[in-house]
$ cat entry.cif   # mmCIF, C-alpha atoms and all ligand atoms
data_target
#
loop_
_atom_site.label_atom_id
_atom_site.label_comp_id
_atom_site.auth_asym_id
_atom_site.auth_seq_id
_atom_site.Cartn_x
_atom_site.Cartn_y
_atom_site.Cartn_z
CA MET L 1066 0.00 0.00 0.00
CA THR L 1067 1.12 3.50 -0.72
CA GLN L 1068 -0.44 6.80 0.04
CA GLU L 1069 -2.93 8.07 -2.46
CA LEU L 1070 -2.39 11.19 -4.49
CA SER L 1071 -5.31 13.53 -4.16
CA TYR L 1072 -5.24 15.18 -7.57
CA LEU L 1073 -8.51 15.47 -9.40
CA LYS L 1074 -8.77 14.37 -13.02
CA GLU L 1075 -9.43 16.94 -15.71
CA THR L 1076 -12.97 16.85 -17.09
CA PRO L 1077 -12.80 14.98 -20.41
CA SER L 1078 -13.40 16.94 -23.59
CA GLN L 1079 -16.32 16.38 -25.95
CA THR L 1080 -16.90 17.71 -29.43
CA ALA L 1081 -18.45 21.16 -29.71
CA GLY L 1082 -20.88 19.67 -32.23
CA PRO L 1083 -22.58 21.30 -35.20
CA TYR L 1084 -24.57 23.79 -33.11
CA VAL L 1085 -21.66 25.42 -31.28
CA HIS L 1086 -22.87 28.76 -32.63
CA ILE L 1087 -25.90 28.75 -30.33
CA GLY L 1088 -23.68 28.91 -27.30
CA LEU L 1089 -20.73 30.92 -28.52
CA ALA L 1090 -22.02 32.97 -31.46
CA PRO L 1091 -25.85 32.93 -31.32
CA GLY L 1092 -26.20 35.56 -34.03
CA ALA L 1093 -24.76 33.07 -36.50
CA ALA L 1094 -27.24 30.42 -35.33
CA GLY L 1095 -29.96 32.87 -36.34
CA PHE L 1096 -31.05 34.69 -33.19
CA ASP L 1097 -30.24 37.67 -31.06
CA ILE L 1098 -30.16 37.13 -27.29
CA TYR L 1099 -27.25 38.87 -25.55
CA LYS L 1100 -26.57 42.57 -25.18
CA GLU L 1101 -23.21 41.81 -26.77
CA GLU L 1102 -21.57 38.68 -28.08
CA LEU L 1103 -18.04 38.03 -26.89
CA GLY L 1104 -14.90 38.00 -28.97
CA TRP L 1105 -15.82 40.17 -31.94
CA GLU L 1106 -13.05 42.70 -31.27
CA ILE L 1107 -9.48 41.67 -30.51
CA ALA L 1108 -7.84 45.07 -30.72
CA GLY L 1109 -9.92 48.25 -30.35
CA PRO L 1110 -9.08 51.57 -32.02
CA ASN L 1111 -6.63 52.56 -29.28
CA ALA L 1112 -4.45 49.50 -29.73
CA GLY L 1113 -1.09 50.34 -31.28
CA GLY L 1114 0.73 48.48 -34.01
CA GLU L 1115 0.14 47.45 -37.56
CA ARG L 1116 -3.50 46.72 -38.41
CA ILE L 1117 -3.92 43.31 -40.00
CA ARG L 1118 -6.58 41.01 -41.35
CA VAL L 1119 -6.12 37.28 -40.87
CA GLU L 1120 -8.10 34.86 -43.01
CA GLY L 1121 -8.20 31.27 -44.12
CA VAL L 1122 -10.11 28.04 -44.34
CA VAL L 1123 -9.90 24.82 -42.35
CA VAL L 1124 -9.67 21.86 -44.69
CA ASP L 1125 -10.62 18.27 -43.82
CA GLY L 1126 -8.99 15.04 -44.99
CA ILE L 1127 -11.10 14.96 -48.15
CA GLY L 1128 -9.78 18.40 -49.09
CA SER L 1129 -13.05 20.24 -48.42
CA PRO L 1130 -13.31 23.42 -46.39
CA ILE L 1131 -15.08 22.77 -43.09
CA LYS L 1132 -18.11 24.99 -42.72
CA ASP L 1133 -18.88 24.59 -39.04
CA VAL L 1134 -15.60 25.42 -37.33
CA LEU L 1135 -15.25 27.92 -34.51
CA LEU L 1136 -11.81 29.43 -33.93
CA GLU L 1137 -10.48 31.44 -31.03
CA ALA L 1138 -7.41 33.64 -31.25
CA TRP L 1139 -5.19 34.72 -28.35
CA GLN L 1140 -2.28 37.08 -28.82
CA ALA L 1141 -0.03 39.70 -27.29
CA ASN L 1142 -0.28 43.37 -28.22
CA SER L 1143 2.24 45.09 -30.46
CA GLU L 1144 4.62 45.40 -27.48
CA GLY L 1145 4.49 41.68 -26.75
CA ILE L 1146 2.26 41.99 -23.67
CA TYR L 1147 -0.76 39.80 -23.02
CA PRO L 1148 -3.76 41.40 -21.27
CA HIS L 1149 -3.45 39.18 -18.20
CA PRO L 1150 -2.00 39.76 -14.70
CA GLU L 1151 0.76 37.21 -15.32
CA SER L 1152 2.16 39.06 -18.30
CA ALA L 1153 4.36 41.93 -17.14
CA GLY L 1154 3.29 45.35 -18.37
CA ASP L 1155 0.09 47.08 -19.34
CA VAL L 1156 -1.86 46.94 -22.57
CA GLU L 1157 -4.06 49.55 -24.21
CA GLU L 1158 -7.45 49.58 -22.48
CA ASP L 1159 -9.32 48.33 -25.53
CA PHE L 1160 -6.80 45.64 -26.38
CA ARG L 1161 -8.53 42.36 -25.56
CA GLY L 1162 -6.08 39.98 -27.19
CA TRP L 1163 -8.80 37.40 -27.64
CA GLY L 1164 -11.33 36.87 -30.37
CA ARG L 1165 -13.72 34.33 -31.71
CA VAL L 1166 -14.69 33.69 -35.33
CA ILE L 1167 -16.75 31.16 -37.19
CA THR L 1168 -16.51 29.95 -40.73
CA ASP L 1169 -18.96 31.01 -43.41
CA PHE L 1170 -21.68 28.36 -43.75
CA GLU L 1171 -21.35 28.38 -47.57
CA THR L 1172 -17.64 28.76 -48.21
CA GLY L 1173 -15.84 27.81 -45.01
CA GLU L 1174 -13.86 31.08 -45.06
CA TRP L 1175 -13.05 32.73 -41.74
CA ALA L 1176 -11.40 36.08 -41.02
CA PHE L 1177 -10.64 38.44 -38.18
CA GLU L 1178 -9.06 41.86 -37.78
CA SER L 1179 -6.37 42.61 -35.25
CA VAL L 1180 -2.95 44.17 -34.78
CA LYS L 1181 0.30 42.36 -35.43
CA PRO L 1182 1.63 41.10 -32.08
CA GLY L 1183 5.12 41.89 -30.82
CA ARG L 1184 7.77 39.41 -29.79
CA THR L 1185 7.48 37.72 -26.39
CA ARG L 1186 10.02 36.09 -24.10
CA GLY L 1187 10.59 32.39 -24.62
CA ARG L 1188 10.00 29.88 -21.88
CA ASN L 1189 13.58 29.71 -20.72
CA VAL L 1190 15.82 31.57 -23.09
CA GLY L 1191 15.53 33.76 -26.11
CA MET L 1192 12.64 35.54 -27.72
CA GLN L 1193 9.66 34.09 -29.51
CA ALA L 1194 8.73 35.39 -32.91
CA PRO L 1195 5.40 37.23 -33.21
CA HIS L 1196 2.60 34.69 -33.26
CA ILE L 1197 -1.12 34.25 -32.65
CA HIS L 1198 -2.44 31.25 -30.73
CA LEU L 1199 -5.36 29.59 -32.47
CA TRP L 1200 -7.71 27.04 -30.95
CA LEU L 1201 -10.31 25.33 -33.08
CA VAL L 1202 -13.34 23.23 -32.37
CA ALA L 1203 -16.00 21.68 -34.59
CA ARG L 1204 -18.23 18.71 -35.09
CA GLY L 1205 -15.96 15.71 -35.50
CA ILE L 1206 -13.15 17.26 -33.44
CA ASN L 1207 -13.17 15.48 -30.08
CA ILE L 1208 -10.79 17.82 -28.30
CA GLY L 1209 -9.95 21.40 -29.28
CA LEU L 1210 -6.85 21.75 -31.47
CA HIS L 1211 -4.13 24.24 -30.55
CA THR L 1212 -1.91 25.71 -33.21
CA ARG L 1213 0.11 28.90 -33.73
CA MET L 1214 0.20 31.31 -36.62
CA TYR L 1215 3.54 32.98 -37.39
CA PHE L 1216 4.24 35.74 -39.92
CA GLU L 1217 5.99 35.30 -43.26
CA ASP L 1218 7.63 38.73 -43.06
CA GLU L 1219 9.54 37.87 -39.86
CA PRO L 1220 12.17 35.48 -41.25
CA GLU L 1221 14.90 36.33 -38.71
CA ALA L 1222 12.60 36.12 -35.69
CA ASN L 1223 11.06 32.92 -37.01
CA ALA L 1224 14.50 31.38 -37.51
CA GLU L 1225 15.30 31.74 -33.81
CA ASP L 1226 11.83 31.00 -32.43
CA PRO L 1227 12.14 28.21 -29.84
CA VAL L 1228 8.77 26.69 -30.71
CA LEU L 1229 9.23 26.62 -34.48
CA ASN L 1230 12.61 25.07 -33.85
CA ILE L 1231 11.26 22.10 -31.96
CA VAL L 1232 9.30 21.14 -35.07
CA GLU L 1233 11.86 18.75 -36.39
CA TRP L 1234 10.78 18.80 -40.04
CA GLU L 1235 11.38 22.09 -41.82
CA ARG L 1236 8.61 21.34 -44.25
CA ARG L 1237 6.11 21.05 -41.40
CA ARG L 1238 7.25 24.38 -39.91
CA SER L 1239 5.99 26.13 -42.99
CA THR L 1240 2.43 25.05 -42.13
CA LEU L 1241 2.61 27.52 -39.23
CA ILE L 1242 3.59 30.55 -41.30
CA ALA L 1243 0.93 32.85 -42.73
CA LYS L 1244 1.37 34.41 -46.16
CA ARG L 1245 1.32 38.18 -46.35
CA SER L 1246 -0.28 40.24 -49.06
CA GLU L 1247 -1.84 43.65 -49.58
CA ARG L 1248 -5.40 44.05 -50.74
CA ALA L 1249 -7.18 47.39 -51.05
CA GLU L 1250 -4.45 48.95 -48.89
CA LYS L 1251 -5.00 46.40 -46.16
CA ILE L 1252 -2.42 43.98 -44.85
CA VAL L 1253 -3.82 40.48 -45.17
CA TYR L 1254 -2.34 37.28 -43.79
CA ARG L 1255 -3.60 34.02 -45.24
CA PHE L 1256 -3.48 31.02 -42.91
CA ASP L 1257 -5.13 27.86 -44.20
CA ILE L 1258 -5.30 25.01 -41.74
CA LYS L 1259 -5.20 21.41 -42.93
CA LEU L 1260 -6.42 18.73 -40.57
CA GLN L 1261 -4.97 15.85 -42.58
CA GLY L 1262 -3.03 14.92 -45.65
CA GLU L 1263 -0.11 16.49 -47.35
CA ASP L 1264 1.04 19.50 -45.37
CA GLU L 1265 -1.14 18.74 -42.36
CA THR L 1266 -0.88 21.73 -40.01
CA VAL L 1267 1.23 21.28 -36.90
CA PHE L 1268 -0.94 21.01 -33.78
CA PHE L 1269 0.44 21.28 -30.28
CA ASP L 1270 -0.12 19.55 -26.99
CA VAL L 1271 0.36 22.69 -24.91
CA MET J 783 8.35 30.70 -1.81
CA SER J 784 6.45 28.93 -4.52
CA THR J 785 4.91 30.68 -7.48
CA PRO J 786 2.47 29.20 -9.93
CA GLY J 787 4.20 27.64 -12.90
CA GLU J 788 3.06 25.77 -15.94
CA TYR J 789 0.01 23.56 -16.22
CA TYR J 790 0.22 19.85 -15.60
CA GLN J 791 0.52 17.91 -18.78
CA ARG J 792 -2.84 16.87 -20.15
CA ASP J 793 -3.60 13.18 -19.61
CA ARG J 794 -4.50 12.38 -23.18
CA THR J 795 -5.61 8.86 -22.24
CA TRP J 796 -8.41 10.39 -20.19
CA HIS J 797 -9.70 12.44 -23.13
CA PRO J 798 -11.11 11.06 -26.35
CA PRO J 799 -8.49 10.47 -29.06
CA ALA J 800 -8.85 12.49 -32.25
CA LEU J 801 -9.79 9.48 -34.37
CA THR J 802 -12.86 7.60 -33.16
CA ARG J 803 -14.36 5.56 -35.98
CA ASN J 804 -17.78 5.08 -34.41
CA TYR J 805 -18.19 8.84 -34.41
CA LYS J 806 -17.91 9.02 -38.17
CA THR J 807 -17.28 12.71 -38.68
CA SER J 808 -14.02 12.39 -36.73
CA VAL J 809 -12.51 10.19 -39.43
CA SER J 810 -11.78 13.01 -41.87
CA ARG J 811 -11.32 15.68 -39.18
CA SER J 812 -8.68 14.04 -36.99
CA PRO J 813 -5.04 15.04 -37.41
CA GLN J 814 -2.88 12.05 -38.35
CA TYR J 815 0.48 13.22 -37.05
CA ALA J 816 1.31 13.24 -33.38
CA LEU J 817 0.75 16.49 -31.53
CA ILE J 818 3.97 18.34 -30.82
CA SER J 819 4.40 18.71 -27.07
CA LEU J 820 5.13 22.20 -25.90
CA GLN J 821 6.20 23.35 -22.49
CA ASN J 822 4.13 26.35 -21.49
CA SER J 823 5.32 29.85 -22.23
CA VAL J 824 3.56 33.07 -21.38
CA GLY J 825 0.92 32.72 -24.09
CA GLU J 826 -0.28 29.40 -22.69
CA ILE J 827 -0.39 30.36 -18.99
CA THR J 828 -2.33 33.54 -19.78
CA GLY J 829 -5.76 33.79 -21.32
CA PRO J 830 -8.64 36.20 -21.76
CA VAL J 831 -10.08 37.78 -18.63
CA PHE J 832 -13.83 38.40 -18.39
CA GLY J 833 -15.79 40.58 -16.02
CA HIS J 834 -19.33 41.37 -15.00
CA GLY J 835 -19.39 44.12 -17.60
CA ASP J 836 -19.25 41.46 -20.31
CA ILE J 837 -22.48 39.69 -19.41
CA ASP J 838 -25.92 40.34 -17.92
CA PRO J 839 -27.07 38.84 -14.62
CA LEU J 840 -30.00 37.12 -16.39
CA ASP J 841 -27.74 35.42 -18.94
CA ASN J 842 -27.61 32.23 -16.83
CA ASP J 843 -31.40 31.85 -16.69
CA LEU J 844 -32.41 29.96 -19.83
CA LEU J 845 -36.02 29.78 -18.64
CA LEU J 846 -36.32 33.53 -19.02
CA ASN J 847 -33.40 34.91 -21.03
CA TYR J 848 -35.19 34.51 -24.35
CA ALA J 849 -38.80 34.40 -23.13
CA GLN J 850 -41.40 37.06 -23.77
CA PRO J 851 -42.26 39.05 -20.63
CA GLY J 852 -44.48 36.89 -18.41
CA GLU J 853 -43.66 33.72 -20.38
CA SER J 854 -41.20 30.90 -19.75
CA ALA J 855 -39.57 28.07 -21.67
CA ILE J 856 -41.54 24.80 -21.79
CA GLY J 857 -40.15 21.67 -20.19
CA GLU J 858 -38.93 20.08 -17.00
CA ARG J 859 -37.50 22.94 -14.91
CA ILE J 860 -33.98 22.15 -13.74
CA ILE J 861 -30.97 23.75 -12.12
CA VAL J 862 -27.52 22.69 -13.33
CA HIS J 863 -24.96 23.81 -10.79
CA GLY J 864 -21.52 22.97 -9.51
CA ARG J 865 -18.01 24.22 -9.08
CA VAL J 866 -15.14 24.77 -11.45
CA LEU J 867 -12.03 23.36 -9.80
CA ASP J 868 -8.50 22.65 -10.95
CA GLU J 869 -6.67 19.34 -10.62
CA ASN J 870 -5.23 20.50 -7.30
CA GLY J 871 -8.79 20.83 -6.00
CA HIS J 872 -8.63 24.62 -5.88
CA PRO J 873 -11.64 26.62 -7.04
CA VAL J 874 -11.33 28.53 -10.31
CA PRO J 875 -13.01 31.87 -9.55
CA ASN J 876 -14.31 34.46 -11.99
CA THR J 877 -14.10 32.22 -15.01
CA LEU J 878 -16.55 32.27 -17.90
CA VAL J 879 -18.85 29.26 -18.33
CA GLU J 880 -21.03 29.18 -21.44
CA ALA J 881 -23.77 26.61 -22.03
CA TRP J 882 -26.00 25.65 -24.95
CA GLN J 883 -28.59 22.96 -25.48
CA ALA J 884 -31.64 21.70 -27.34
CA ASN J 885 -35.10 22.53 -26.03
CA ALA J 886 -37.27 20.06 -24.13
CA GLY J 887 -38.28 18.42 -27.42
CA GLY J 888 -34.70 17.91 -28.59
CA ARG J 889 -34.72 20.74 -31.12
CA TYR J 890 -31.99 23.38 -31.38
CA ARG J 891 -32.66 27.00 -32.24
CA HIS J 892 -30.21 26.88 -35.13
CA LYS J 893 -30.74 27.52 -38.80
CA LYS J 894 -29.07 24.20 -39.62
CA ASP J 895 -31.25 22.07 -37.32
CA THR J 896 -34.16 20.58 -39.27
CA TYR J 897 -35.39 18.00 -36.73
CA LEU J 898 -39.18 17.77 -36.81
CA ALA J 899 -39.65 18.58 -33.11
CA PRO J 900 -40.89 22.17 -32.77
CA ILE J 901 -39.01 25.29 -31.73
CA ASP J 902 -40.09 26.76 -28.40
CA ALA J 903 -40.83 30.44 -28.96
CA ASN J 904 -39.66 31.26 -25.43
CA PHE J 905 -36.43 29.30 -25.42
CA GLY J 906 -33.15 30.43 -26.97
CA GLY J 907 -31.02 27.62 -25.61
CA CYS J 908 -27.88 29.37 -24.46
CA GLY J 909 -26.58 30.93 -21.28
CA ARG J 910 -23.38 32.20 -19.73
CA THR J 911 -22.11 33.06 -16.29
CA LEU J 912 -18.97 33.80 -14.29
CA THR J 913 -17.97 31.56 -11.39
CA ASP J 914 -17.95 33.24 -7.99
CA GLU J 915 -14.96 33.40 -5.63
CA ASN J 916 -15.53 29.73 -4.68
CA GLY J 917 -15.64 28.60 -8.29
CA TYR J 918 -19.41 28.11 -8.03
CA TYR J 919 -21.77 28.55 -10.99
CA TYR J 920 -25.36 27.70 -11.82
CA PHE J 921 -27.80 27.76 -14.70
CA ARG J 922 -31.57 27.53 -14.59
CA THR J 923 -33.02 25.85 -17.66
CA VAL J 924 -35.26 23.07 -18.94
CA LYS J 925 -34.02 19.53 -19.26
CA PRO J 926 -33.03 19.10 -22.91
CA GLY J 927 -34.71 16.38 -24.96
CA ALA J 928 -32.92 13.50 -26.67
CA TYR J 929 -32.62 13.85 -30.43
CA PRO J 930 -31.70 11.66 -33.41
CA TRP J 931 -28.62 12.41 -35.52
CA ARG J 932 -27.03 11.09 -38.66
CA ASN J 933 -24.26 8.73 -37.74
CA GLY J 934 -25.64 5.22 -37.53
CA VAL J 935 -29.16 4.88 -38.97
CA ASN J 936 -30.71 5.03 -35.52
CA ASP J 937 -28.36 6.97 -33.25
CA TRP J 938 -29.81 9.22 -30.56
CA ARG J 939 -28.05 11.74 -28.43
CA PRO J 940 -28.83 11.41 -24.73
CA ALA J 941 -30.06 14.59 -23.06
CA HIS J 942 -27.03 16.86 -22.75
CA VAL J 943 -25.91 20.43 -22.21
CA HIS J 944 -22.82 21.65 -24.07
CA MET J 945 -20.41 23.57 -21.84
CA SER J 946 -17.47 25.83 -22.65
CA ILE J 947 -15.03 26.84 -19.91
CA PHE J 948 -12.01 29.15 -20.02
CA GLY J 949 -10.03 28.96 -16.78
CA SER J 950 -7.20 31.41 -16.33
CA GLY J 951 -4.75 30.21 -18.99
CA PHE J 952 -5.44 29.44 -22.64
CA ALA J 953 -3.96 25.97 -22.00
CA GLN J 954 -7.01 25.23 -19.81
CA ARG J 955 -9.55 25.96 -22.54
CA LEU J 956 -12.16 23.21 -22.61
CA ILE J 957 -15.44 22.30 -24.26
CA THR J 958 -17.41 19.34 -22.98
CA GLN J 959 -20.95 18.01 -22.54
CA CYS J 960 -22.98 17.42 -19.40
CA TYR J 961 -25.23 14.32 -19.33
CA PHE J 962 -27.87 13.41 -16.77
CA GLU J 963 -27.86 10.55 -14.29
CA GLY J 964 -30.04 7.59 -15.19
CA ASP J 965 -30.37 8.22 -18.93
CA PRO J 966 -30.36 4.86 -20.78
CA LEU J 967 -29.15 6.53 -23.98
CA ILE J 968 -25.79 7.43 -22.45
CA ALA J 969 -24.35 3.93 -22.72
CA ARG J 970 -25.35 3.79 -26.43
CA CYS J 971 -24.03 7.22 -27.36
CA PRO J 972 -21.16 7.16 -29.88
CA ILE J 973 -20.01 10.58 -28.67
CA ILE J 974 -19.59 9.87 -24.96
CA ASN J 975 -18.12 6.53 -26.06
CA THR J 976 -15.27 8.39 -27.77
CA ILE J 977 -13.91 8.53 -24.19
CA PRO J 978 -12.21 5.20 -23.60
CA ASP J 979 -12.30 5.11 -19.80
CA ARG J 980 -15.58 4.37 -18.02
CA ALA J 981 -14.62 6.46 -14.99
CA ALA J 982 -13.78 9.36 -17.27
CA GLN J 983 -17.21 9.06 -18.89
CA GLY J 984 -18.77 9.12 -15.45
CA GLN J 985 -17.17 12.49 -14.84
CA LEU J 986 -19.57 13.89 -17.48
CA ILE J 987 -22.76 12.57 -15.89
CA ALA J 988 -24.39 15.10 -13.60
CA ALA J 989 -25.85 13.68 -10.40
CA LEU J 990 -29.41 14.23 -9.31
CA ASP J 991 -28.97 16.58 -6.34
CA MET J 992 -32.11 16.56 -4.20
CA ASN J 993 -30.53 18.88 -1.64
CA ALA J 994 -30.27 21.61 -4.25
CA THR J 995 -33.77 21.23 -5.66
CA ILE J 996 -36.26 23.98 -5.01
CA PRO J 997 -39.40 22.25 -3.69
CA LEU J 998 -42.47 22.73 -5.89
CA ASP J 999 -40.30 24.56 -8.44
CA SER J 1000 -37.14 23.00 -9.96
CA ILE J 1001 -35.14 19.79 -9.74
CA ALA J 1002 -31.33 20.04 -9.55
CA TYR J 1003 -28.32 18.28 -11.01
CA LYS J 1004 -24.77 18.80 -9.83
CA PHE J 1005 -22.04 19.07 -12.45
CA ASP J 1006 -18.55 19.88 -11.20
CA ILE J 1007 -15.94 20.72 -13.82
CA VAL J 1008 -12.20 20.15 -13.40
CA LEU J 1009 -9.67 22.17 -15.38
CA ARG J 1010 -5.95 21.55 -15.56
CA GLY J 1011 -3.96 22.37 -12.43
CA ARG J 1012 -0.61 24.14 -12.16
CA ARG J 1013 2.74 23.27 -10.78
CA SER J 1014 4.27 25.22 -7.97
CA THR J 1015 7.73 26.19 -9.06
CA LEU J 1016 9.67 25.47 -5.89
CA PHE J 1017 13.18 25.30 -7.23
CA GLU J 1018 14.30 25.21 -10.78
CA ASN J 1019 12.35 24.96 -14.00
CA ARG J 1020 11.32 28.53 -13.52
CA LEU J 1021 8.91 29.79 -16.08
CA GLU J 1022 10.37 32.97 -17.44
CA GLY J 1023 7.50 33.78 -19.63
CA ASN J 1024 7.04 37.39 -18.70
FE FE L 1301 -25.92 18.60 -28.87
#
$ encode --input "entry.cif" --output "structure tokens" --more "lines below"
Ligand SMILES: [Fe+2]
Amino acid sequence: MTQELSYLKETPSQTAGPYVHIGLAPGAAGFDIYKEELGWEIAGPNAGGERIRVEGVVVDGIGSPIKDVLLEAWQANSEGIYPHPESAGDVEEDFRGWGRVITDFETGEWAFESVKPGRTRGRNVGMQAPHIHLWLVARGINIGLHTRMYFEDEPEANAEDPVLNIVEWERRRSTLIAKRSERAEKIVYRFDIKLQGEDETVFFDV
Amino acid sequence: MSTPGEYYQRDRTWHPPALTRNYKTSVSRSPQYALISLQNSVGEITGPVFGHGDIDPLDNDLLLNYAQPGESAIGERIIVHGRVLDENGHPVPNTLVEAWQANAGGRYRHKKDTYLAPIDANFGGCGRTLTDENGYYYFRTVKPGAYPWRNGVNDWRPAHVHMSIFGSGFAQRLITQCYFEGDPLIARCPIINTIPDRAAQGQLIAALDMNATIPLDSIAYKFDIVLRGRRSTLFENRLEGN
């Protein structure tokens, strides 16, 4: 006999299902109930830094865009500070750092507006390249998938990023890097996520 | 002195795996490569913070939050309540809990739900609340109905409430489902059966809680939720994430 450890077990995950919108984005389900839905604005007008649009699709193993995904984004501000007591420093008062988007029911396209995040300290040493944490749930996904989006125009920072560097295969690293373009004077980053197949996106056990 | 460090590694054997063939939609939506394990940095130990300015006090009352004045949702009146704790047994205060469900007939208020059971004009089917300083939360609602779904030719979802919980760090983010004690459909459900361990499945079945019922008004079920716990960084392995 040994003593027993008294840790509790984490509640097991279950799929968000096809009707996730009712709970997390009721307007998209087709009704209006709350004074304000959460997560529609990541960085308000007072947030500093370069204004960006991030867009993409999530593709299944057949190669089809998934039309019932919900994504959440979590990021630092342009100075590399997260709006949380455990991140040293202050952020602009309307910088939320967190947002929620759903895919279009017809096309599977998703998009959000934000500011480009700054670099943040690495876990032990060094600096991390600018990145946005993405978490996605959908029907058929049993436990939410964590990934990170990095920026194509940060080659030096990306080269020394401690997380990108633990992805052993260089080819897989590129699945984490969004492509930059300009459209109607807006900076657009394209980040398509592939759940399976050639160039499956890297997902993390964080 | 100890300071909170990173989150305990997730026990992936306790959760459903990505690929679960009896839940057919998972087959083409499950990543094939192994997840890459990441020790927490600042972006994982932090997460969005919510406050009482974000929500309304009535948001957790699904009987009334979409009902016309003087009306109420139709169905068995229930309270779903419990605490949000971490694996160390500590309460998780001030965290956002969001819930959504079908109405008493098993129909969702969603433009993609075409089940023949009727919509309830006074029931939206979603709620949200913040846990108090003891990690306590509650919703008042109607017991959701079972409903059929396309998987096998005759698969039925047991009564369930979908729940989304944040915690303090983004690494704790969780979506799950709350089932109800005594429902014979639970054992047949391909979705709860994505969880391999029986005891883990049991963690999703809310217990009938007679002590919390309101006599002549509402019956109660207790559903405690456990999020990942954190290390105390006593010596080395210091998390220099900020
Ligand atoms: Fe459901």
$ atom_distance --input "entry.cif" --atom1 "atom CA of Asn933 of chain J" --atom2 "atom CA of Ile856 of chain J"
28.5 Å
$ interface_residues --input "entry.cif" --of "chain L" --to "chain J" --cutoff "7 Å" --atoms "only C-alpha atoms" --output "mmCIF file with C-alpha atoms, keeping the file's coordinate frame"
data_model
loop_
_atom_site.group_PDB
_atom_site.id
_atom_site.type_symbol
_atom_site.label_atom_id
_atom_site.label_comp_id
_atom_site.auth_asym_id
_atom_site.auth_seq_id
_atom_site.Cartn_x
_atom_site.Cartn_y
_atom_site.Cartn_z
ATOM 1 C CA TYR L 1072 -5.240 15.180 -7.570
ATOM 2 C CA LEU L 1073 -8.510 15.470 -9.400
ATOM 3 C CA LYS L 1074 -8.770 14.370 -13.020
ATOM 4 C CA GLU L 1075 -9.430 16.940 -15.710
ATOM 5 C CA THR L 1076 -12.970 16.850 -17.090
ATOM 6 C CA PRO L 1077 -12.800 14.980 -20.410
ATOM 7 C CA SER L 1078 -13.400 16.940 -23.590
ATOM 8 C CA GLN L 1079 -16.320 16.380 -25.950
ATOM 9 C CA THR L 1080 -16.900 17.710 -29.430
ATOM 10 C CA ALA L 1081 -18.450 21.160 -29.710
ATOM 11 C CA TYR L 1084 -24.570 23.790 -33.110
ATOM 12 C CA ILE L 1087 -25.900 28.750 -30.330
ATOM 13 C CA GLY L 1088 -23.680 28.910 -27.300
ATOM 14 C CA ALA L 1094 -27.240 30.420 -35.330
ATOM 15 C CA GLY L 1095 -29.960 32.870 -36.340
ATOM 16 C CA ILE L 1098 -30.160 37.130 -27.290
ATOM 17 C CA ASP L 1125 -10.620 18.270 -43.820
ATOM 18 C CA GLY L 1126 -8.990 15.040 -44.990
ATOM 19 C CA ILE L 1127 -11.100 14.960 -48.150
ATOM 20 C CA HIS L 1149 -3.450 39.180 -18.200
ATOM 21 C CA GLU L 1151 0.760 37.210 -15.320
ATOM 22 C CA SER L 1152 2.160 39.060 -18.300
ATOM 23 C CA ALA L 1153 4.360 41.930 -17.140
ATOM 24 C CA TRP L 1163 -8.800 37.400 -27.640
ATOM 25 C CA ARG L 1186 10.020 36.090 -24.100
ATOM 26 C CA GLY L 1187 10.590 32.390 -24.620
ATOM 27 C CA ARG L 1188 10.000 29.880 -21.880
ATOM 28 C CA ASN L 1189 13.580 29.710 -20.720
ATOM 29 C CA GLY L 1205 -15.960 15.710 -35.500
ATOM 30 C CA ILE L 1206 -13.150 17.260 -33.440
ATOM 31 C CA ASN L 1207 -13.170 15.480 -30.080
ATOM 32 C CA ILE L 1208 -10.790 17.820 -28.300
ATOM 33 C CA LEU L 1260 -6.420 18.730 -40.570
ATOM 34 C CA GLN L 1261 -4.970 15.850 -42.580
ATOM 35 C CA PHE L 1268 -0.940 21.010 -33.780
ATOM 36 C CA PHE L 1269 0.440 21.280 -30.280
ATOM 37 C CA ASP L 1270 -0.120 19.550 -26.990
ATOM 38 C CA VAL L 1271 0.360 22.690 -24.910
#
$ closest_residue --input "entry.cif" --among "J:Asp999, J:Gly833, J:Tyr961, J:Gln850" --to "Ala903 of chain J" --atoms "all atoms listed in the file"
J:Gln850
$ residues_near_point --input "entry.cif" --point "(-4.3, 45.2, -29.2)" --cutoff "9 Å" --atoms "all atoms listed in the file" --output "ChimeraX atom specification"
/L:1107-1114,1140-1143,1147-1148,1156-1162,1179-1182
$ write_last_selection --input "entry.cif" --atoms "C-alpha atoms" --output "tab-separated table (two decimals), in the frame of the given file"
chain	number	residue	atom	x	y	z
L	1107	ILE	CA	-9.48	41.67	-30.51
L	1108	ALA	CA	-7.84	45.07	-30.72
L	1109	GLY	CA	-9.92	48.25	-30.35
L	1110	PRO	CA	-9.08	51.57	-32.02
L	1111	ASN	CA	-6.63	52.56	-29.28
L	1112	ALA	CA	-4.45	49.50	-29.73
L	1113	GLY	CA	-1.09	50.34	-31.28
L	1114	GLY	CA	0.73	48.48	-34.01
L	1140	GLN	CA	-2.28	37.08	-28.82
L	1141	ALA	CA	-0.03	39.70	-27.29
L	1142	ASN	CA	-0.28	43.37	-28.22
L	1143	SER	CA	2.24	45.09	-30.46
L	1147	TYR	CA	-0.76	39.80	-23.02
L	1148	PRO	CA	-3.76	41.40	-21.27
L	1156	VAL	CA	-1.86	46.94	-22.57
L	1157	GLU	CA	-4.06	49.55	-24.21
L	1158	GLU	CA	-7.45	49.58	-22.48
L	1159	ASP	CA	-9.32	48.33	-25.53
L	1160	PHE	CA	-6.80	45.64	-26.38
L	1161	ARG	CA	-8.53	42.36	-25.56
L	1162	GLY	CA	-6.08	39.98	-27.19
L	1179	SER	CA	-6.37	42.61	-35.25
L	1180	VAL	CA	-2.95	44.17	-34.78
L	1181	LYS	CA	0.30	42.36	-35.43
L	1182	PRO	CA	1.63	41.10	-32.08
